[in-house]
file protein19.pdb (PDB, C-alpha atoms)
ATOM      1  CA  MET A   1     254.412 116.616 -44.900
ATOM      2  CA  SER A   2     255.731 117.059 -41.367
ATOM      3  CA  GLN A   3     258.248 114.180 -41.732
ATOM      4  CA  GLU A   4     259.594 115.706 -44.921
ATOM      5  CA  GLN A   5     259.913 119.085 -43.222
ATOM      6  CA  GLN A   6     261.851 117.661 -40.292
ATOM      7  CA  ALA A   7     264.323 115.946 -42.639
ATOM      8  CA  ARG A   8     265.048 119.046 -44.773
ATOM      9  CA  PRO A   9     267.489 121.853 -43.914
ATOM     10  CA  GLU A  10     265.919 124.715 -41.936
ATOM     11  CA  SER A  11     266.551 127.196 -44.782
ATOM     12  CA  GLU A  12     264.424 125.133 -47.192
ATOM     13  CA  LEU A  13     261.455 124.514 -44.919
ATOM     14  CA  GLU A  14     257.997 125.793 -45.705
ATOM     15  CA  PRO A  15     255.225 126.152 -43.117
ATOM     16  CA  ILE A  16     252.517 123.531 -42.855
ATOM     17  CA  LYS A  17     249.448 124.997 -44.508
ATOM     18  CA  TYR A  18     245.741 124.246 -44.278
ATOM     19  CA  GLY A  19     245.886 122.490 -47.638
ATOM     20  CA  ASP A  20     248.487 120.081 -46.253
ATOM     21  CA  ILE A  21     246.179 118.619 -43.601
ATOM     22  CA  PHE A  22     242.643 119.402 -44.814
ATOM     23  CA  ASN A  23     240.802 118.942 -48.084
ATOM     24  CA  VAL A  24     240.385 122.682 -48.703
ATOM     25  CA  HIS A  25     240.987 124.938 -51.694
ATOM     26  CA  GLY A  26     241.558 128.570 -52.656
ATOM     27  CA  ASP A  27     243.378 131.063 -50.440
ATOM     28  CA  LEU A  28     242.787 128.984 -47.325
ATOM     29  CA  ALA A  29     244.820 126.072 -48.678
ATOM     30  CA  SER A  30     247.935 128.265 -48.921
ATOM     31  CA  LYS A  31     247.678 129.843 -45.461
ATOM     32  CA  ALA A  32     250.164 128.739 -42.794
ATOM     33  CA  ILE A  33     248.663 127.378 -39.571
ATOM     34  CA  ALA A  34     249.508 129.576 -36.574
ATOM     35  CA  PRO A  35     249.107 128.959 -32.801
ATOM     36  CA  VAL A  36     246.212 131.378 -32.378
ATOM     37  CA  ASP A  37     244.343 129.648 -35.247
ATOM     38  CA  ALA A  38     244.649 126.318 -33.441
ATOM     39  CA  ALA A  39     243.567 127.910 -30.163
ATOM     40  CA  VAL A  40     240.434 129.413 -31.725
ATOM     41  CA  MET A  41     239.475 126.070 -33.280
ATOM     42  CA  GLN A  42     240.161 124.348 -29.945
ATOM     43  CA  SER A  43     237.883 126.833 -28.192
ATOM     44  CA  ALA A  44     235.153 126.309 -30.797
ATOM     45  CA  GLU A  45     235.324 122.537 -30.252
ATOM     46  CA  ASN A  46     235.260 123.006 -26.485
ATOM     47  CA  ARG A  47     232.115 125.142 -26.636
ATOM     48  CA  VAL A  48     230.145 122.632 -28.666
ATOM     49  CA  LEU A  49     231.753 119.286 -27.816
ATOM     50  CA  GLY A  50     232.921 119.998 -24.287
ATOM     51  CA  GLU A  51     236.418 118.821 -25.200
ATOM     52  CA  THR A  52     239.160 118.966 -27.812
ATOM     53  CA  ARG A  53     238.461 115.933 -29.987
ATOM     54  CA  LYS A  54     241.473 113.612 -30.282
ATOM     55  CA  GLY A  55     242.465 113.391 -33.946
ATOM     56  CA  GLY A  56     240.036 116.193 -34.835
ATOM     57  CA  PRO A  57     240.735 119.470 -36.647
ATOM     58  CA  ALA A  58     241.858 121.344 -33.519
ATOM     59  CA  SER A  59     244.271 118.565 -32.545
ATOM     60  CA  SER A  60     245.703 118.433 -36.078
ATOM     61  CA  MET A  61     246.076 122.218 -36.153
ATOM     62  CA  GLN A  62     247.863 122.192 -32.793
ATOM     63  CA  THR A  63     250.404 119.690 -34.102
ATOM     64  CA  ALA A  64     250.952 121.720 -37.281
ATOM     65  CA  ALA A  65     251.245 124.999 -35.371
ATOM     66  CA  LYS A  66     253.832 123.529 -32.991
ATOM     67  CA  LEU A  67     255.965 122.330 -35.921
ATOM     68  CA  ASN A  68     255.662 125.698 -37.657
ATOM     69  CA  LEU A  69     256.768 127.409 -34.443
ATOM     70  CA  LYS A  70     259.590 124.964 -33.838
ATOM     71  CA  HIS A  71     261.106 125.841 -37.206
ATOM     72  CA  GLY A  72     260.422 129.583 -36.946
ATOM     73  CA  LEU A  73     257.965 129.585 -39.853
ATOM     74  CA  VAL A  74     255.148 131.563 -38.198
ATOM     75  CA  ASP A  75     255.056 134.582 -35.898
ATOM     76  CA  PRO A  76     253.877 133.481 -32.413
ATOM     77  CA  ASN A  77     252.591 136.990 -31.666
ATOM     78  CA  GLU A  78     250.610 137.577 -34.852
ATOM     79  CA  ALA A  79     246.898 136.863 -35.161
ATOM     80  CA  THR A  80     246.066 135.651 -38.675
ATOM     81  CA  ASP A  81     242.973 136.386 -40.748
ATOM     82  CA  VAL A  82     241.552 133.022 -39.698
ATOM     83  CA  ALA A  83     241.706 134.024 -36.026
ATOM     84  CA  ARG A  84     240.910 137.737 -36.428
ATOM     85  CA  HIS A  85     237.723 137.166 -38.394
ATOM     86  CA  LYS A  86     236.688 134.016 -36.504
ATOM     87  CA  LEU A  87     236.607 131.935 -39.688
ATOM     88  CA  THR A  88     236.412 128.712 -37.673
ATOM     89  CA  ASP A  89     233.031 127.260 -36.815
ATOM     90  CA  VAL A  90     231.761 124.145 -35.046
ATOM     91  CA  THR A  91     228.032 123.495 -35.303
ATOM     92  CA  GLU A  92     225.680 120.744 -34.223
ATOM     93  CA  LYS A  93     222.414 119.616 -35.750
ATOM     94  CA  HIS A  94     219.975 117.049 -34.364
ATOM     95  CA  VAL A  95     218.313 114.730 -36.851
ATOM     96  CA  SER A  96     216.145 111.802 -35.668
ATOM     97  CA  GLY A  97     217.918 111.767 -32.318
ATOM     98  CA  ASP A  98     221.407 111.803 -33.883
ATOM     99  CA  ARG A  99     223.812 114.646 -33.301
ATOM    100  CA  ILE A 100     225.590 115.786 -36.474
ATOM    101  CA  ILE A 101     228.782 117.767 -35.809
ATOM    102  CA  THR A 102     230.241 119.909 -38.592
ATOM    103  CA  GLU A 103     233.571 121.719 -38.307
ATOM    104  CA  SER A 104     234.493 124.290 -40.915
ATOM    105  CA  ILE A 105     237.117 126.912 -41.674
ATOM    106  CA  ALA A 106     236.336 129.877 -43.934
ATOM    107  CA  GLY A 107     233.138 128.184 -45.071
ATOM    108  CA  GLN A 108     234.888 124.944 -46.058
ATOM    109  CA  ILE A 109     234.023 121.764 -44.159
ATOM    110  CA  VAL A 110     237.077 120.077 -42.644
ATOM    111  CA  ALA A 111     235.283 117.442 -40.538
ATOM    112  CA  GLN A 112     231.783 116.039 -40.120
ATOM    113  CA  TYR A 113     230.608 113.145 -37.966
ATOM    114  CA  ILE A 114     227.511 111.738 -36.288
ATOM    115  CA  GLU A 115     227.180 110.766 -32.629
ATOM    116  CA  PRO A 116     224.440 110.275 -30.019
ATOM    117  CA  ARG A 117     223.154 113.529 -28.589
ATOM    118  CA  VAL A 118     225.250 114.839 -25.688
ATOM    119  CA  GLU A 119     224.346 117.896 -23.654
ATOM    120  CA  THR A 120     227.282 120.271 -23.133
ATOM    121  CA  THR A 121     227.738 123.451 -21.159
ATOM    122  CA  THR A 122     229.706 126.529 -22.065
ATOM    123  CA  PRO A 123     232.081 127.964 -19.455
ATOM    124  CA  GLY A 124     231.393 131.634 -18.855
ATOM    125  CA  GLY A 125     228.092 131.703 -20.738
ATOM    126  CA  THR A 126     227.540 133.220 -24.168
ATOM    127  CA  LEU A 127     230.559 134.917 -25.758
ATOM    128  CA  ASP A 128     230.988 137.263 -28.674
ATOM    129  CA  LYS A 129     231.718 134.996 -31.661
ATOM    130  CA  ASP A 130     233.591 137.759 -33.484
ATOM    131  CA  ALA A 131     236.309 138.359 -30.884
ATOM    132  CA  ILE A 132     239.240 136.398 -29.485
ATOM    133  CA  THR A 133     238.705 135.696 -25.783
ATOM    134  CA  ILE A 134     241.098 135.731 -22.854
ATOM    135  CA  GLY A 135     240.836 131.953 -22.613
ATOM    136  CA  GLU A 136     241.703 131.555 -26.283
ATOM    137  CA  SER A 137     244.708 133.862 -25.950
ATOM    138  CA  LEU A 138     245.966 131.790 -23.003
ATOM    139  CA  GLU A 139     245.571 128.620 -25.068
ATOM    140  CA  ALA A 140     247.580 130.310 -27.828
ATOM    141  CA  ALA A 141     250.344 130.953 -25.281
ATOM    142  CA  SER A 142     250.271 127.260 -24.329
ATOM    143  CA  LEU A 143     251.167 126.490 -27.952
ATOM    144  CA  SER A 144     253.586 129.292 -28.784
ATOM    145  CA  ALA A 145     255.539 129.083 -25.501
ATOM    146  CA  GLY A 146     254.218 125.819 -24.117
ATOM    147  CA  ASP A 147     257.644 124.370 -23.257
ATOM    148  CA  LYS A 148     258.584 127.380 -21.113
ATOM    149  CA  LEU A 149     258.885 126.575 -17.412
ATOM    150  CA  VAL A 150     256.412 128.623 -15.353
ATOM    151  CA  GLU A 151     258.118 131.529 -13.576
ATOM    152  CA  GLN A 152     256.765 134.144 -11.179
ATOM    153  CA  SER A 153     256.216 136.595 -14.037
ATOM    154  CA  ASP A 154     254.137 134.002 -15.893
ATOM    155  CA  ALA A 155     252.078 133.235 -12.786
ATOM    156  CA  ALA A 156     251.394 136.934 -12.225
ATOM    157  CA  ALA A 157     250.297 137.371 -15.848
ATOM    158  CA  ILE A 158     248.019 134.322 -15.679
ATOM    159  CA  GLN A 159     246.472 135.578 -12.430
ATOM    160  CA  ALA A 160     245.852 139.005 -13.999
ATOM    161  CA  ALA A 161     244.242 137.364 -17.039
ATOM    162  CA  GLU A 162     242.035 135.220 -14.791
ATOM    163  CA  VAL A 163     240.896 138.286 -12.842
ATOM    164  CA  ARG A 164     240.031 140.147 -16.057
ATOM    165  CA  ALA A 165     238.136 137.133 -17.438
ATOM    166  CA  THR A 166     236.107 136.392 -14.315
ATOM    167  CA  GLY A 167     235.685 139.854 -12.825
ATOM    168  CA  VAL A 168     236.654 138.407  -9.428
ATOM    169  CA  ASN A 169     239.496 140.462  -7.996
ATOM    170  CA  GLU A 170     241.269 137.619  -6.214
ATOM    171  CA  VAL A 171     243.085 134.390  -6.970
ATOM    172  CA  LEU A 172     240.501 131.629  -7.258
ATOM    173  CA  PRO A 173     241.245 128.510  -5.181
ATOM    174  CA  GLY A 174     242.139 125.710  -7.578
ATOM    175  CA  GLY A 175     242.012 128.062 -10.570
ATOM    176  CA  ILE A 176     244.688 128.461 -13.210
ATOM    177  CA  GLY A 177     246.162 131.448 -11.370
ATOM    178  CA  ALA A 178     246.631 129.413  -8.192
ATOM    179  CA  GLN A 179     248.014 126.491 -10.178
ATOM    180  CA  ALA A 180     250.478 128.792 -11.942
ATOM    181  CA  GLN A 181     251.678 130.277  -8.644
ATOM    182  CA  SER A 182     252.248 126.828  -7.154
ATOM    183  CA  ALA A 183     254.106 125.753 -10.288
ATOM    184  CA  ALA A 184     256.322 128.864 -10.231
ATOM    185  CA  THR A 185     257.207 128.223  -6.591
ATOM    186  CA  ARG A 186     258.055 124.564  -7.206
ATOM    187  CA  ASN A 187     260.023 125.358 -10.350
ATOM    188  CA  SER A 188     262.097 127.996  -8.522
ATOM    189  CA  THR A 189     263.295 125.367  -6.059
ATOM    190  CA  GLY A 190     264.035 122.816  -8.746
ATOM    191  CA  ALA A 191     261.388 120.526  -7.291
ATOM    192  CA  ASP A 192     259.351 120.435 -10.470
ATOM    193  CA  LYS A 193     259.398 121.316 -14.174
ATOM    194  CA  THR A 194     255.842 122.485 -14.862
ATOM    195  CA  THR A 195     255.415 124.284 -18.188
ATOM    196  CA  LEU A 196     252.948 126.860 -19.499
ATOM    197  CA  SER A 197     251.344 124.111 -21.558
ATOM    198  CA  ASP A 198     250.687 122.114 -18.384
ATOM    199  CA  ILE A 199     248.775 125.057 -16.898
ATOM    200  CA  LEU A 200     247.141 126.703 -19.909
ATOM    201  CA  ALA A 201     246.040 123.809 -22.120
ATOM    202  CA  ASP A 202     242.216 123.939 -22.344
ATOM    203  CA  ALA A 203     242.214 127.322 -20.554
ATOM    204  CA  THR A 204     238.748 128.132 -21.900
ATOM    205  CA  LEU A 205     237.382 125.109 -20.062
ATOM    206  CA  LYS A 206     239.310 125.817 -16.869
ATOM    207  CA  LEU A 207     238.147 129.432 -16.574
ATOM    208  CA  PRO A 208     234.763 129.756 -14.821
ATOM    209  CA  ALA A 209     234.029 132.748 -17.076
ATOM    210  CA  ASP A 210     235.532 134.230 -20.222
ATOM    211  CA  LYS A 211     235.309 137.430 -22.259
ATOM    212  CA  PRO A 212     236.703 139.057 -25.411
ATOM    213  CA  VAL A 213     240.159 140.570 -24.885
ATOM    214  CA  THR A 214     240.293 144.371 -24.683
ATOM    215  CA  ARG A 215     243.248 146.720 -24.685
ATOM    216  CA  GLN A 216     242.666 147.324 -20.965
ATOM    217  CA  ASP A 217     242.876 143.583 -20.311
ATOM    218  CA  ALA A 218     246.161 143.392 -22.219
ATOM    219  CA  GLU A 219     247.627 146.359 -20.334
ATOM    220  CA  ARG A 220     246.894 144.757 -16.943
ATOM    221  CA  VAL A 221     248.403 141.444 -18.009
ATOM    222  CA  ILE A 222     251.486 143.117 -19.497
ATOM    223  CA  GLN A 223     252.022 145.157 -16.330
ATOM    224  CA  ALA A 224     251.711 142.053 -14.160
ATOM    225  CA  GLU A 225     254.228 140.070 -16.217
ATOM    226  CA  VAL A 226     256.816 142.838 -16.545
ATOM    227  CA  ARG A 227     256.529 143.914 -12.895
ATOM    228  CA  ASN A 228     257.405 140.388 -11.740
ATOM    229  CA  LYS A 229     260.363 139.737 -14.009
ATOM    230  CA  PRO A 230     263.667 139.102 -12.223
ATOM    231  CA  ASP A 231     265.613 141.215 -14.731
ATOM    232  CA  THR A 232     265.233 144.870 -15.679
ATOM    233  CA  ASN A 233     264.624 144.667 -19.431
ATOM    234  CA  MET A 234     260.917 145.453 -18.905
ATOM    235  CA  HIS A 235     259.927 143.421 -21.974
ATOM    236  CA  THR A 236     257.306 140.706 -22.224
ATOM    237  CA  THR A 237     258.413 137.192 -23.149
ATOM    238  CA  PRO A 238     257.770 136.527 -26.886
ATOM    239  CA  GLY A 239     254.862 134.154 -27.389
ATOM    240  CA  ALA A 240     254.100 133.878 -23.669
ATOM    241  CA  VAL A 241     251.035 135.066 -21.734
ATOM    242  CA  ALA A 242     251.243 138.852 -22.007
ATOM    243  CA  ALA A 243     252.366 138.774 -25.649
ATOM    244  CA  SER A 244     249.520 136.446 -26.620
ATOM    245  CA  VAL A 245     246.907 138.533 -24.797
ATOM    246  CA  ALA A 246     248.264 141.700 -26.437
ATOM    247  CA  ALA A 247     248.124 140.087 -29.885
ATOM    248  CA  ALA A 248     244.497 139.117 -29.264
ATOM    249  CA  ALA A 249     243.618 142.638 -28.109
ATOM    250  CA  ASN A 250     245.162 144.130 -31.247
ATOM    251  CA  ALA A 251     243.271 141.681 -33.436
ATOM    252  CA  ASN A 252     239.970 142.470 -31.704
ATOM    253  CA  ARG A 253     240.551 146.205 -32.060
ATOM    254  CA  ASN A 254     241.124 145.834 -35.804
ATOM    255  CA  MET A 255     237.853 143.959 -36.437
TER     256      MET A 255
END
call {"tool": "encode", "arguments": {"input": "protein19.pdb", "output": "C-alpha cells"}}
result
Amino acid sequence: MSQEQQARPESELEPIKYGDIFNVHGDLASKAIAPVDAAVMQSAENRVLGETRKGGPASSMQTAAKLNLKHGLVDPNEATDVARHKLTDVTEKHVSGDRIITESIAGQIVAQYIEPRVETTTPGGTLDKDAITIGESLEAASLSAGDKLVEQSDAAAIQAAEVRATGVNEVLPGGIGAQAQSAATRNSTGADKTTLSDILADATLKLPADKPVTRQDAERVIQAEVRNKPDTNMHTTPGAVAASVAAAANANRNM
C-alpha cells in the first residue's frame, strides 16, 4: 500500500488506514492512522512490554503515520477517536508460566504472541487509562515534527513539559529537557543536527513520571515555546511540542 502511494501523484493519494495494515473490519478499517494514534499505542506497549516491539503494531502505526504526514493526508494537531477514547489496549496473561501478550484496537485484536514471563516496570506509576499523557503527546510530536532540528523554543517547551509531568521545578540532569537544551545549543552553532525525534522518541520511558495532560499543562508549554522563539509571530510550530500538548489537552477535556 505504501509503495503504491509513493508512486502516485499527490492529488490522488489516500491515507493509510487501519484496514491496510491490520486484519480489522467495520469503521476502524476505514480510519486513517494519525501520529497521536501511533504514540498512544507505543505508550501502551511500553507500559506492558517495557519497549516498542520491532515489527509490532506500534512500529507499523508509526511508519503509516509518518507516510500520512509526509503526504499531508492527516492533521498533525488533531487527536482522533482512537486516541481520544483510548481504544488501544495491550494486555498480558500468564498461563502455565507463559506470558500471552494481546494487542487490540477498538476491541479488535491486531497482534497476539507468547513469550517467557518478563517483569516490567511502569515509569511514573499508575496512570489514568482514559487520558492522553504528557509523555504520549511528546511522542506524538516526535512523529508529526520529528525531522525538525531542535531549537531553543523546542528545548524550552520540552523542559516545561518535563516539569509539568514530574512536578520537579527544575531541569533534571540527563533528562529530556537537558538533552533538548544541549541539542539546541549544538544545532545553533552548526555543530550538530539533532532532531525532535532524536530527543522525544520513547518519551514515556525517558520521563521519570508522567500524568494526563491538562489545559494548565498546555498553557505552560505554549508560553515556554512562544516566549523563546527568535521571531515575533507568537505562534506555536505546527505539529511540534506545544501544538501536540495542546491537542492532547483538548482531547482530554472533551472526554
call {"tool": "atom_distance", "arguments": {"input": "protein19.pdb", "atom1": "atom CA of A:Met61", "atom2": "atom CA of A:Tyr113"}}
result
18.0 Å
call {"tool": "closest_residue", "arguments": {"input": "protein19.pdb", "among": "A:Ala44, A:Val245, A:Leu200, A:Leu28", "to": "A:Gly146", "atoms": "only C-alpha atoms"}}
result
A:Leu200
call {"tool": "resolve_selection", "arguments": {"input": "protein19.pdb", "expression": "the PyMOL selection byres ((chain A and resi 179) around 12)", "output": "number ranges by chain"}}
result
A: 150-152, 154-156, 158-159, 162, 171-178, 180-186, 194-196, 198-200, 203, 206
call {"tool": "atom_distance", "arguments": {"input": "protein19.pdb", "atom1": "atom CA of A:Thr102", "atom2": "atom CA of A:Ala39"}}
result
17.7 Å
call {"tool": "resolve_selection", "arguments": {"input": "protein19.pdb", "expression": "the PyMOL selection byres ((chain A and resi 219-231) around 7)", "output": "short mmCIF file (atom, residue, chain, number, x, y, z; two decimals) with C-alpha atoms, in the coordinates of the input"}}
result
data_model
loop_
_atom_site.label_atom_id
_atom_site.label_comp_id
_atom_site.auth_asym_id
_atom_site.auth_seq_id
_atom_site.Cartn_x
_atom_site.Cartn_y
_atom_site.Cartn_z
CA GLN A 152 256.76 134.14 -11.18
CA SER A 153 256.22 136.60 -14.04
CA ASP A 154 254.14 134.00 -15.89
CA ALA A 156 251.39 136.93 -12.22
CA ALA A 157 250.30 137.37 -15.85
CA ALA A 160 245.85 139.00 -14.00
CA ALA A 161 244.24 137.36 -17.04
CA ARG A 215 243.25 146.72 -24.68
CA GLN A 216 242.67 147.32 -20.96
CA ASP A 217 242.88 143.58 -20.31
CA ALA A 218 246.16 143.39 -22.22
CA THR A 232 265.23 144.87 -15.68
CA ASN A 233 264.62 144.67 -19.43
CA MET A 234 260.92 145.45 -18.90
CA HIS A 235 259.93 143.42 -21.97
CA THR A 236 257.31 140.71 -22.22
CA ALA A 242 251.24 138.85 -22.01
#
